[in-house]
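Quick look at input.txt (compact mmCIF, C-alpha atoms and all ligand atoms):
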# COMPACT_ATOMS: atom_id res chain seq x y z
CA MET A 357 24.22 -104.95 218.52
CA SER A 358 24.76 -103.53 215.07
CA SER A 359 24.60 -99.87 216.03
CA SER A 360 27.10 -99.95 218.91
CA ILE A 361 30.85 -100.55 219.04
CA GLY A 362 33.74 -100.09 221.45
CA GLN A 363 35.28 -101.46 224.64
CA THR A 364 36.04 -98.51 226.92
CA LEU A 365 34.79 -95.83 224.54
CA LYS A 366 31.39 -97.02 223.37
CA LEU A 367 29.79 -95.45 220.31
CA SER A 368 26.10 -95.76 219.39
CA LEU A 369 24.81 -94.54 216.06
CA PHE A 370 21.14 -93.82 215.38
CA GLY A 371 18.70 -92.27 212.90
CA GLU A 372 17.51 -92.50 209.31
CA SER A 373 18.29 -90.32 206.31
CA HIS A 374 14.80 -88.81 206.07
CA GLY A 375 13.77 -89.09 209.73
CA ALA A 376 13.78 -86.09 212.04
CA ALA A 377 17.45 -86.39 212.96
CA ILE A 378 20.51 -88.62 213.02
CA GLY A 379 23.02 -88.77 215.83
CA VAL A 380 25.60 -90.46 217.99
CA VAL A 381 26.27 -91.20 221.65
CA LEU A 382 29.89 -91.48 222.84
CA ASP A 383 30.11 -93.07 226.28
CA GLY A 384 33.42 -93.42 228.10
CA LEU A 385 35.13 -90.14 227.27
CA PRO A 386 37.09 -88.67 230.14
CA GLY A 387 35.62 -85.56 231.76
CA GLY A 388 37.39 -82.23 231.28
CA LEU A 389 38.27 -82.58 227.59
CA ALA A 390 38.00 -79.07 226.11
CA LEU A 391 36.21 -79.26 222.75
CA ASP A 392 36.93 -76.80 219.96
CA LEU A 393 33.48 -76.56 218.37
CA GLU A 394 34.76 -74.60 215.37
CA GLU A 395 37.21 -77.39 214.60
CA ILE A 396 34.35 -79.91 214.85
CA ALA A 397 32.32 -77.77 212.41
CA ARG A 398 35.29 -77.73 209.97
CA GLU A 399 35.43 -81.54 210.08
CA MET A 400 31.67 -81.79 209.49
CA ALA A 401 31.97 -79.43 206.50
CA ARG A 402 34.62 -81.68 204.90
CA ARG A 403 32.03 -84.49 204.64
CA ALA A 404 28.89 -82.41 204.05
CA PRO A 405 27.09 -82.90 200.72
CA GLY A 406 26.62 -80.40 197.93
CA GLN A 407 30.00 -78.65 198.17
CA ASP A 408 30.93 -79.05 194.50
CA ASN A 409 29.68 -80.63 191.30
CA LEU A 410 31.23 -83.99 192.29
CA SER A 411 28.69 -84.98 194.93
CA THR A 412 24.96 -85.16 195.64
CA THR A 413 23.03 -81.89 195.41
CA ARG A 414 21.33 -82.55 198.74
CA ARG A 415 22.07 -79.52 200.93
CA GLU A 416 22.39 -80.15 204.66
CA ALA A 417 23.88 -77.73 207.18
CA ASP A 418 25.12 -80.67 209.30
CA ILE A 419 25.32 -78.63 212.49
CA PRO A 420 25.66 -81.00 215.43
CA GLN A 421 23.57 -80.06 218.42
CA ILE A 422 25.25 -81.39 221.56
CA VAL A 423 22.45 -82.37 223.93
CA SER A 424 24.38 -84.03 226.75
CA GLY A 425 27.83 -84.61 228.24
CA PHE A 426 29.18 -81.12 227.50
CA PHE A 427 29.22 -78.23 229.97
CA ARG A 428 31.18 -74.97 230.07
CA GLY A 429 33.25 -75.93 227.03
CA ARG A 430 34.37 -79.32 228.31
CA THR A 431 33.16 -82.91 228.32
CA THR A 432 31.58 -83.92 231.60
CA GLY A 433 32.54 -87.61 231.45
CA THR A 434 28.89 -88.68 231.08
CA PRO A 435 27.56 -89.78 227.65
CA LEU A 436 28.19 -87.16 224.97
CA CYS A 437 25.21 -87.08 222.58
CA ALA A 438 24.97 -85.05 219.37
CA LEU A 439 21.94 -84.67 217.10
CA ILE A 440 22.04 -83.56 213.47
CA GLN A 441 18.73 -82.47 211.92
CA ASN A 442 17.64 -83.74 208.49
CA THR A 443 16.24 -80.76 206.61
CA ASP A 444 16.66 -81.23 202.84
CA THR A 445 14.66 -84.45 202.34
CA ARG A 446 12.79 -85.41 199.14
CA SER A 447 11.24 -88.70 200.15
CA GLY A 448 9.04 -88.90 197.01
CA ASP A 449 12.15 -89.94 195.02
CA TYR A 450 12.26 -93.18 197.02
CA GLY A 451 8.59 -94.30 196.74
CA THR A 452 9.27 -97.15 194.28
CA LEU A 453 12.23 -98.48 196.27
CA GLN A 454 9.89 -100.29 198.63
CA GLU A 455 9.32 -102.74 195.79
CA LEU A 456 12.13 -102.26 193.28
CA MET A 457 15.41 -103.36 194.81
CA ARG A 458 18.42 -101.24 193.85
CA PRO A 459 21.25 -103.54 192.71
CA GLY A 460 24.35 -102.91 194.83
CA HIS A 461 22.44 -101.11 197.62
CA ALA A 462 20.98 -102.54 200.82
CA ASP A 463 17.29 -102.50 199.81
CA TYR A 464 16.96 -106.28 199.37
CA THR A 465 19.09 -107.30 202.35
CA ALA A 466 17.31 -104.76 204.60
CA GLN A 467 13.99 -106.23 203.45
CA LEU A 468 15.21 -109.73 204.39
CA ARG A 469 16.55 -108.57 207.75
CA TYR A 470 13.73 -106.23 208.86
CA GLY A 471 10.76 -107.80 207.07
CA GLY A 472 9.57 -104.59 205.40
CA TYR A 473 9.51 -102.45 208.57
CA GLN A 474 12.71 -100.61 207.63
CA ASP A 475 12.52 -96.91 206.78
CA PHE A 476 13.41 -96.95 203.07
CA ARG A 477 13.21 -93.18 202.54
CA GLY A 478 16.59 -91.87 201.38
CA SER A 479 18.06 -95.35 202.13
CA GLY A 480 17.01 -94.99 205.78
CA HIS A 481 19.58 -96.25 208.28
CA PHE A 482 21.74 -97.55 205.39
CA SER A 483 22.34 -94.08 204.00
CA GLY A 484 25.80 -92.55 203.71
CA ARG A 485 24.21 -89.69 205.66
CA LEU A 486 24.70 -91.74 208.83
CA THR A 487 28.41 -91.03 208.44
CA ALA A 488 27.81 -87.40 209.53
CA PRO A 489 27.48 -88.36 213.22
CA LEU A 490 30.52 -90.62 212.78
CA VAL A 491 32.49 -87.56 211.66
CA PHE A 492 31.27 -85.70 214.75
CA ALA A 493 32.47 -88.56 216.99
CA GLY A 494 35.76 -88.70 215.07
CA ALA A 495 36.29 -84.96 215.45
CA VAL A 496 35.91 -85.28 219.23
CA CYS A 497 38.29 -88.24 219.32
CA LYS A 498 40.80 -86.42 217.10
CA GLN A 499 40.93 -83.63 219.68
CA LEU A 500 41.58 -86.12 222.48
CA LEU A 501 44.29 -87.79 220.38
CA ALA A 502 45.83 -84.42 219.39
CA GLY A 503 46.39 -83.81 223.11
CA GLU A 504 48.48 -87.00 223.10
CA GLY A 505 50.46 -85.87 220.04
CA VAL A 506 48.59 -88.10 217.56
CA SER A 507 47.62 -86.85 214.09
CA ILE A 508 45.48 -88.57 211.47
CA GLY A 509 45.10 -87.70 207.79
CA ALA A 510 44.00 -89.28 204.56
CA HIS A 511 44.00 -88.71 200.82
CA ILE A 512 42.34 -90.07 197.71
CA ALA A 513 44.77 -92.77 196.59
CA ALA A 514 42.79 -93.72 193.48
CA VAL A 515 39.57 -93.13 191.56
CA HIS A 516 38.52 -95.63 188.90
CA GLY A 517 42.12 -96.74 188.30
CA VAL A 518 43.67 -93.21 188.24
CA ARG A 519 46.27 -93.40 191.00
CA ASP A 520 47.71 -90.75 193.32
CA ALA A 521 51.21 -91.16 194.82
CA LEU A 522 51.13 -93.14 198.08
CA PHE A 523 52.29 -91.97 201.51
CA ASP A 524 55.92 -92.66 202.34
CA PRO A 525 55.18 -94.82 205.41
CA VAL A 526 58.55 -93.96 207.01
CA THR A 527 58.98 -90.23 206.42
CA LEU A 528 55.32 -89.08 206.55
CA THR A 529 54.98 -85.83 208.57
CA PRO A 530 52.12 -84.20 210.53
CA GLY A 531 52.51 -81.16 208.20
CA GLN A 532 51.64 -83.34 205.18
CA LEU A 533 48.55 -84.70 206.93
CA ASP A 534 47.41 -81.20 207.98
CA ALA A 535 47.82 -79.86 204.44
CA LEU A 536 45.61 -82.65 203.08
CA ALA A 537 42.81 -81.78 205.53
CA ARG A 538 42.64 -78.29 204.02
CA GLN A 539 42.13 -79.58 200.45
CA PRO A 540 38.53 -80.16 199.27
CA PHE A 541 39.82 -82.96 196.99
CA PRO A 542 42.88 -84.22 198.88
CA ALA A 543 45.49 -85.71 196.56
CA LEU A 544 49.28 -85.72 196.97
CA ASP A 545 49.78 -85.25 193.21
CA LYS A 546 47.63 -82.33 192.02
CA ALA A 547 47.71 -83.41 188.36
CA GLN A 548 46.49 -86.90 189.23
CA GLY A 549 43.81 -85.29 191.42
CA GLU A 550 42.55 -83.37 188.36
CA LYS A 551 42.43 -86.59 186.33
CA MET A 552 40.40 -88.23 189.09
CA ARG A 553 37.92 -85.35 189.08
CA THR A 554 37.57 -85.75 185.32
CA GLU A 555 36.80 -89.47 185.80
CA ILE A 556 34.07 -88.62 188.33
CA LEU A 557 32.48 -86.01 186.07
CA ALA A 558 32.61 -88.36 183.06
CA ALA A 559 30.73 -91.02 185.09
CA LYS A 560 28.25 -88.42 186.33
CA TYR A 561 27.38 -87.21 182.82
CA GLU A 562 26.76 -90.81 181.78
CA ALA A 563 24.41 -91.32 184.77
CA ASP A 564 26.98 -93.76 186.15
CA SER A 565 29.41 -93.85 189.09
CA VAL A 566 33.00 -94.73 190.03
CA GLY A 567 34.82 -95.98 193.13
CA GLY A 568 38.36 -95.73 194.44
CA VAL A 569 40.77 -95.99 197.32
CA VAL A 570 41.40 -93.84 200.42
CA GLU A 571 44.81 -94.05 202.09
CA CYS A 572 45.07 -93.05 205.75
CA GLY A 573 48.12 -92.35 207.91
CA VAL A 574 48.46 -92.01 211.69
CA LEU A 575 51.47 -90.36 213.33
CA GLY A 576 52.49 -90.15 216.97
CA PHE A 577 50.42 -93.09 218.19
CA PRO A 578 52.34 -94.78 221.02
CA ALA A 579 54.17 -98.07 220.50
CA GLY A 580 52.97 -101.10 222.46
CA ILE A 581 49.19 -100.56 222.09
CA GLY A 582 46.89 -103.38 220.97
CA ASP A 583 46.53 -107.10 221.59
CA PRO A 584 47.32 -110.24 219.66
CA PHE A 585 44.46 -112.01 217.88
CA PHE A 586 40.99 -110.49 218.36
CA GLY A 587 42.01 -107.19 219.88
CA SER A 588 44.67 -106.51 217.26
CA VAL A 589 44.90 -102.91 216.08
CA GLU A 590 44.19 -104.17 212.55
CA SER A 591 41.04 -105.97 213.79
CA VAL A 592 39.75 -102.97 215.76
CA LEU A 593 40.30 -100.55 212.88
CA SER A 594 39.01 -102.98 210.22
CA HIS A 595 35.78 -103.51 212.15
CA LEU A 596 35.16 -99.77 212.09
CA LEU A 597 36.36 -99.32 208.51
CA PHE A 598 34.14 -102.08 207.15
CA SER A 599 31.24 -100.45 209.02
CA VAL A 600 31.51 -97.43 206.72
CA PRO A 601 28.97 -97.94 203.91
CA ALA A 602 30.57 -98.78 200.54
CA VAL A 603 33.93 -99.98 201.99
CA LYS A 604 34.73 -103.33 200.38
CA GLY A 605 38.41 -103.81 201.19
CA VAL A 606 41.02 -102.82 203.78
CA GLU A 607 44.78 -103.41 203.67
CA PHE A 608 47.53 -102.41 206.12
CA GLY A 609 51.07 -101.51 205.10
CA LEU A 610 51.85 -103.15 201.76
CA GLY A 611 48.68 -105.22 202.19
CA PHE A 612 48.14 -107.73 199.38
CA GLY A 613 51.32 -106.35 197.77
CA ILE A 614 53.45 -107.89 200.53
CA THR A 615 52.78 -111.32 198.99
CA GLU A 616 54.95 -110.36 196.02
CA LEU A 617 58.06 -109.93 198.20
CA ARG A 618 60.42 -112.39 199.85
CA GLY A 619 60.82 -112.31 203.64
CA SER A 620 64.22 -110.70 203.21
CA GLN A 621 62.46 -107.81 201.45
CA SER A 622 59.24 -107.58 203.47
CA ASN A 623 60.83 -107.65 206.95
CA ASP A 624 61.23 -104.14 208.34
CA SER A 625 64.79 -103.97 209.77
CA TYR A 626 65.23 -102.35 213.16
CA TYR A 627 67.71 -99.65 214.13
CA TYR A 628 68.24 -97.19 216.97
CA ASP A 629 67.36 -93.56 216.24
CA GLY A 630 68.86 -91.94 219.34
CA GLY A 631 67.34 -94.09 222.08
CA GLU A 632 64.26 -94.99 220.06
CA VAL A 633 63.74 -98.25 218.14
CA LYS A 634 62.59 -97.61 214.57
CA THR A 635 62.34 -99.59 211.35
CA ARG A 636 64.04 -98.61 208.08
CA THR A 637 61.04 -99.66 206.00
CA ASN A 638 57.41 -99.90 207.10
CA HIS A 639 55.86 -102.64 204.97
CA ASN A 640 53.81 -103.81 207.97
CA GLY A 641 52.04 -100.47 208.38
CA GLY A 642 53.21 -99.84 211.95
CA ILE A 643 51.58 -102.95 213.45
CA LEU A 644 53.17 -106.31 214.32
CA GLY A 645 51.38 -109.07 216.23
CA GLY A 646 48.37 -106.76 216.48
CA ILE A 647 50.46 -104.26 218.50
CA THR A 648 51.76 -100.88 217.37
CA ASN A 649 55.54 -100.60 216.92
CA GLY A 650 55.73 -96.79 216.94
CA MET A 651 56.12 -96.39 213.16
CA PRO A 652 53.35 -94.58 211.23
CA ILE A 653 50.15 -96.64 210.97
CA VAL A 654 49.26 -96.73 207.29
CA PHE A 655 46.34 -98.45 205.60
CA ARG A 656 44.02 -98.20 202.60
CA ALA A 657 40.27 -98.69 202.23
CA ALA A 658 38.62 -99.65 198.93
CA ILE A 659 35.34 -97.82 198.22
CA LYS A 660 32.98 -99.26 195.63
CA PRO A 661 31.27 -97.24 192.89
CA THR A 662 28.02 -95.66 194.17
CA SER A 663 25.25 -98.18 193.60
CA SER A 664 22.43 -95.67 192.95
CA ILE A 665 22.93 -94.74 189.32
CA GLY A 666 20.66 -93.20 186.71
CA LYS A 667 21.42 -95.84 184.06
CA PRO A 668 18.67 -98.45 183.58
CA GLN A 669 19.40 -101.64 185.54
CA GLN A 670 17.74 -105.04 185.74
CA THR A 671 16.20 -105.89 189.11
CA VAL A 672 13.22 -107.51 190.82
CA ASN A 673 9.91 -106.08 192.02
CA ILE A 674 9.40 -107.95 195.29
CA ALA A 675 5.72 -106.93 195.59
CA ALA A 676 4.76 -108.11 192.09
CA ARG A 677 7.38 -110.92 192.12
CA ARG A 678 8.62 -110.10 188.61
CA GLU A 679 11.75 -108.77 186.94
CA GLU A 680 11.74 -105.09 186.00
CA THR A 681 13.99 -102.32 184.78
CA LEU A 682 14.94 -99.69 187.37
CA VAL A 683 16.15 -96.14 186.80
CA VAL A 684 17.16 -94.75 190.21
CA LYS A 685 15.86 -91.27 190.99
CA GLY A 686 17.00 -89.09 193.86
CA ARG A 687 20.23 -87.22 194.50
CA HIS A 688 23.30 -89.41 194.69
CA ASP A 689 27.06 -89.10 194.75
CA PRO A 690 28.60 -90.16 191.43
CA CYS A 691 31.64 -91.04 193.56
CA ILE A 692 31.74 -91.62 197.31
CA VAL A 693 35.54 -91.61 197.65
CA GLN A 694 36.19 -87.89 198.24
CA ARG A 695 33.39 -87.68 200.83
CA ALA A 696 34.62 -90.86 202.52
CA VAL A 697 38.05 -89.32 203.30
CA PRO A 698 36.98 -87.53 206.53
CA VAL A 699 34.80 -90.54 207.45
CA ILE A 700 37.77 -92.92 207.23
CA GLU A 701 39.80 -90.52 209.37
CA ALA A 702 36.90 -90.27 211.84
CA VAL A 703 36.41 -93.99 212.43
CA THR A 704 40.18 -94.36 212.74
CA ALA A 705 40.18 -91.72 215.48
CA VAL A 706 37.31 -93.48 217.29
CA GLY A 707 39.10 -96.86 217.16
CA LEU A 708 42.46 -95.47 218.26
CA CYS A 709 40.87 -93.53 221.12
CA ASP A 710 39.18 -96.69 222.33
CA LEU A 711 42.47 -98.61 222.10
CA LEU A 712 44.31 -95.90 224.00
CA LEU A 713 41.66 -95.63 226.73
CA SER A 714 41.51 -99.45 227.03
CA ALA A 715 45.28 -99.99 227.11
CA PRO A 716 46.60 -101.74 230.23
CA GLN A 717 49.81 -100.47 231.74
CA LYS A 718 52.78 -102.05 229.96
CA GLN A 719 53.64 -105.39 231.58
CA THR A 720 57.40 -105.05 231.33
CA LYS A 721 59.85 -102.27 230.74
CA GLU A 722 62.03 -102.57 227.67
CA LYS A 723 65.36 -104.07 228.70
CA GLY A 724 68.25 -101.92 227.65
C1 LIG A 801 29.82 -90.49 202.55
C2 LIG A 801 28.99 -91.55 201.86
C3 LIG A 801 28.03 -91.17 200.93
C4 LIG A 801 27.26 -92.13 200.25
N1 LIG A 801 26.37 -91.70 199.32
C5 LIG A 801 25.67 -92.62 198.61
C6 LIG A 801 24.77 -92.21 197.59
O1 LIG A 801 24.59 -91.02 197.31
N2 LIG A 801 24.09 -93.18 196.91
C7 LIG A 801 24.27 -94.53 197.17
O2 LIG A 801 23.67 -95.36 196.51
N3 LIG A 801 25.14 -94.93 198.11
C8 LIG A 801 25.82 -94.03 198.85
N4 LIG A 801 26.68 -94.47 199.83
C9 LIG A 801 26.92 -95.90 200.02
C10 LIG A 801 25.73 -96.70 200.52
O3 LIG A 801 25.28 -96.19 201.76
C11 LIG A 801 26.13 -98.18 200.63
O4 LIG A 801 26.68 -98.62 199.43
C12 LIG A 801 24.93 -99.06 200.95
O5 LIG A 801 24.47 -98.80 202.27
C13 LIG A 801 25.23 -100.57 200.86
O6 LIG A 801 26.26 -100.92 201.76
P1 LIG A 801 27.62 -101.59 201.26
O7 LIG A 801 28.03 -100.90 199.99
O8 LIG A 801 28.60 -101.32 202.39
O9 LIG A 801 27.36 -103.05 201.05
C14 LIG A 801 27.45 -93.51 200.53
C15 LIG A 801 28.42 -93.89 201.46
C16 LIG A 801 29.20 -92.93 202.12
C17 LIG A 801 30.25 -93.38 203.09

Can you present the structure in this file as structure tokens?
Amino acid sequence: MSSSIGQTLKLSLFGESHGAAIGVVLDGLPGGLALDLEEIAREMARRAPGQDNLSTTRREADIPQIVSGFFRGRTTGTPLCALIQNTDTRSGDYGTLQELMRPGHADYTAQLRYGGYQDFRGSGHFSGRLTAPLVFAGAVCKQLLAGEGVSIGAHIAAVHGVRDALFDPVTLTPGQLDALARQPFPALDKAQGEKMRTEILAAKYEADSVGGVVECGVLGFPAGIGDPFFGSVESVLSHLLFSVPAVKGVEFGLGFGITELRGSQSNDSYYYDGGEVKTRTNHNGGILGGITNGMPIVFRAAIKPTSSIGKPQQTVNIAARREETLVVKGRHDPCIVQRAVPVIEAVTAVGLCDLLLSAPQKQTKEKG
């Protein structure tokens, strides 16, 4: 099923951008997890639209209403369901998109898949708005993981070729990740962050859009979690990451860059730090054989330029069966990257929670 994922922690996503509400069900959470609702609201606000002149002007409060699985401040252990109302809809902007297929968006493929019954208003179920309930689910999972000493954070690694510094995958600290979460436009190098903002505004004023890269780091996740092959930590996280609309690439550790090294350079040498096994480099992003090795998990996701742009584009009218020129109306993000940062963190938290809750007891103890 397309709208559900997870082994032990099962997530179901539902709703359309201009329907009554969107939401999520998380089934498999342990009972008794105290939820900090203010912290959840802070996470929702990081993704919410209309916060600055870099994103869509759609205004949504994005207040999750928890309708089940939560009682006296704690999860009950039964399905946790949250609803988020859609209030600022302007469906008239989307009238022509029943017939005129936006290049780069899901209009044509949705038409093929659902035979015209799909809700096309505001991109329907394919809207980036569906990432709001994902952020809710991620915020819950982050709190569970925080109790286990795990922290997750991300930054904008690039926008339209303007690059930020990258995480040091060996020395990354929870303090660095926390500081990024407090920045509305999280970049490690402030000056590069300003250049990225300029790129976004330049695209916006030309009725165009730009894409970029989000880099995410995870600290404190236990070693020895994950499976070889299909249950590999890379596979579990990639499945979730590629589910985020507009993600077109994912790489762990050095990723494609590792192909430029020799084995003698790419291998991460082991050493003992006190009693703990660590690696001196972390080109493999904290995962070997699909299983975590205790080093920071580091990966990057490539986000494409927003497809809905105001510039005239060539497309087809599927009702009239002819080629036409399309100028997309409606309120759209000239760049998705900065809004995708908390979404990437959220799906990472969901995947890691599921891995942790699904983990069998270790088969053998490490031999001294
Ligand atoms: C936070 C977020 C906001 C988005 N906002 C827009 C938008 O304003 N306009 C748009 O065309 N696409 C937007 N998207 C991306 C589309 O939903 C996505 O490109 C589309 O569903 C096609 O899917 P694909 O790009 O994964 O193939 C957004 C994605 C995210 C994650």

Around ligand LIG 801 (chain A), fit a box with edges along x, y and z, padding it by 4 Å on each side, then list its centre and edge lengths in Å to one decimal as lines of an AutoDock Vina configuration file.
center_x = 27.0
center_y = -96.8
center_z = 199.8
size_x = 14.6
size_y = 20.6
size_z = 14.6

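Using all atoms listed in the file, the contacts of Ala563 in chain A at a cut-off of 6 Å, with sequence neighbours closer than 5 positions omitted, comprise Ile665, Gly666 and Lys667 of chain A.
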
* Please check which protein, DNA or RNA residues sit within 10 Å of ligand LIG 801 (chain A), counting only C-alpha atoms and all ligand atoms, and write them as JSON, numbers by chain. => {"A": [403, 404, 405, 411, 412, 413, 414, 458, 459, 460, 461, 462, 463, 465, 466, 478, 479, 480, 481, 482, 483, 484, 485, 486, 487, 488, 491, 565, 598, 599, 600, 601, 602, 603, 604, 659, 660, 661, 662, 663, 664, 665, 684, 686, 687, 688, 689, 690, 691, 692, 693, 694, 695, 696, 697, 698, 699, 700]}

I want to know what sits within 10 Å of range 511-516 of chain A, based on all atoms listed in the file, with residues of the same chain fewer than 2 positions away left out; could you give that as a JSON list (two decimals) with C-alpha atoms, keeping the file's coordinate frame?
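Final output, saved to result-v5.json:
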[["chain", "number", "residue", "atom", "x", "y", "z"],
["A", 509, "GLY", "CA", 45.10, -87.70, 207.79],
["A", 518, "VAL", "CA", 43.67, -93.21, 188.24],
["A", 519, "ARG", "CA", 46.27, -93.40, 191.00],
["A", 520, "ASP", "CA", 47.71, -90.75, 193.32],
["A", 521, "ALA", "CA", 51.21, -91.16, 194.82],
["A", 522, "LEU", "CA", 51.13, -93.14, 198.08],
["A", 523, "PHE", "CA", 52.29, -91.97, 201.51],
["A", 533, "LEU", "CA", 48.55, -84.70, 206.93],
["A", 536, "LEU", "CA", 45.61, -82.65, 203.08],
["A", 537, "ALA", "CA", 42.81, -81.78, 205.53],
["A", 539, "GLN", "CA", 42.13, -79.58, 200.45],
["A", 541, "PHE", "CA", 39.82, -82.96, 196.99],
["A", 542, "PRO", "CA", 42.88, -84.22, 198.88],
["A", 543, "ALA", "CA", 45.49, -85.71, 196.56],
["A", 544, "LEU", "CA", 49.28, -85.72, 196.97],
["A", 545, "ASP", "CA", 49.78, -85.25, 193.21],
["A", 548, "GLN", "CA", 46.49, -86.90, 189.23],
["A", 549, "GLY", "CA", 43.81, -85.29, 191.42],
["A", 551, "LYS", "CA", 42.43, -86.59, 186.33],
["A", 552, "MET", "CA", 40.40, -88.23, 189.09],
["A", 553, "ARG", "CA", 37.92, -85.35, 189.08],
["A", 554, "THR", "CA", 37.57, -85.75, 185.32],
["A", 555, "GLU", "CA", 36.80, -89.47, 185.80],
["A", 556, "ILE", "CA", 34.07, -88.62, 188.33],
["A", 559, "ALA", "CA", 30.73, -91.02, 185.09],
["A", 565, "SER", "CA", 29.41, -93.85, 189.09],
["A", 566, "VAL", "CA", 33.00, -94.73, 190.03],
["A", 567, "GLY", "CA", 34.82, -95.98, 193.13],
["A", 568, "GLY", "CA", 38.36, -95.73, 194.44],
["A", 569, "VAL", "CA", 40.77, -95.99, 197.32],
["A", 570, "VAL", "CA", 41.40, -93.84, 200.42],
["A", 571, "GLU", "CA", 44.81, -94.05, 202.09],
["A", 572, "CYS", "CA", 45.07, -93.05, 205.75],
["A", 573, "GLY", "CA", 48.12, -92.35, 207.91],
["A", 656, "ARG", "CA", 44.02, -98.20, 202.60],
["A", 657, "ALA", "CA", 40.27, -98.69, 202.23],
["A", 658, "ALA", "CA", 38.62, -99.65, 198.93],
["A", 659, "ILE", "CA", 35.34, -97.82, 198.22],
["A", 660, "LYS", "CA", 32.98, -99.26, 195.63],
["A", 661, "PRO", "CA", 31.27, -97.24, 192.89],
["A", 691, "CYS", "CA", 31.64, -91.04, 193.56],
["A", 692, "ILE", "CA", 31.74, -91.62, 197.31],
["A", 693, "VAL", "CA", 35.54, -91.61, 197.65],
["A", 694, "GLN", "CA", 36.19, -87.89, 198.24],
["A", 695, "ARG", "CA", 33.39, -87.68, 200.83],
["A", 696, "ALA", "CA", 34.62, -90.86, 202.52],
["A", 697, "VAL", "CA", 38.05, -89.32, 203.30],
["A", 698, "PRO", "CA", 36.98, -87.53, 206.53],
["A", 700, "ILE", "CA", 37.77, -92.92, 207.23],
["A", 701, "GLU", "CA", 39.80, -90.52, 209.37]]

* To do: Rounded to one decimal place, report the CA of Leu391 in chain A-CA of Ala495 in chain A distance in Å.
  =>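 Computed distance, CA of Leu391 in chain A to CA of Ala495 in chain A, equals 9.3 Å.
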
* To do: May I ask for the distance between CA of Gly433 in chain A and CA of Leu389 in chain A, given in Å to one decimal place?
  =>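 Computing the Euclidean distance for CA of Gly433 in chain A and CA of Leu389 in chain A yields 8.5 Å.
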
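Checking A:Asn409, A:Thr681, A:Leu385, A:Val592 one by one against Pro540 in chain A, counting all atoms listed in the file, you find the shortest gap at A:Asn409.
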
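Comparing A:Phe612, A:Tyr473, A:Tyr561, A:Phe586 by their smallest distance to Asn640 in chain A, the closest is A:Phe612 (using all atoms listed in the file).
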
* Find the spatial neighbours of Gly642 in chain A, counting all atoms listed in the file, within a cut-off of 9 Å - ignore same-chain residues fewer than 4 positions away - and output them as a ChimeraX atom specification. => /A:525,579,608-609,638,647-654

* One-decimal distance in Å that lies between CA of Ser373 in chain A and CA of Pro668 in chain A ->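 Answer for the CA of Pro668 in chain A to CA of Ser373 in chain A separation: 24.1 Å.
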
* Structure fact -> One residue among A:Pro716, A:Asp710, A:Lys685, A:Pro530 is nearest to Thr452 in chain A when using only C-alpha atoms, and that residue is A:Lys685

* To do: Go through A:Cys437, A:Val496, A:Leu456, A:Ile581 and flag the residue nearest Arg398 in chain A, using all atoms listed in the file for the distances.
  => A:Val496

* Asked: Which one is closest to Thr637 in chain A: A:Glu616, A:Asp444, A:Glu590, A:Asp524? Count all atoms listed in the file.
  -> A:Asp524

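Proximity to Met457 in chain A was assessed for A:Val703, A:Ile361, A:Leu708, A:Ile674 counting all atoms listed in the file; the smallest distance is recorded for A:Ile674.
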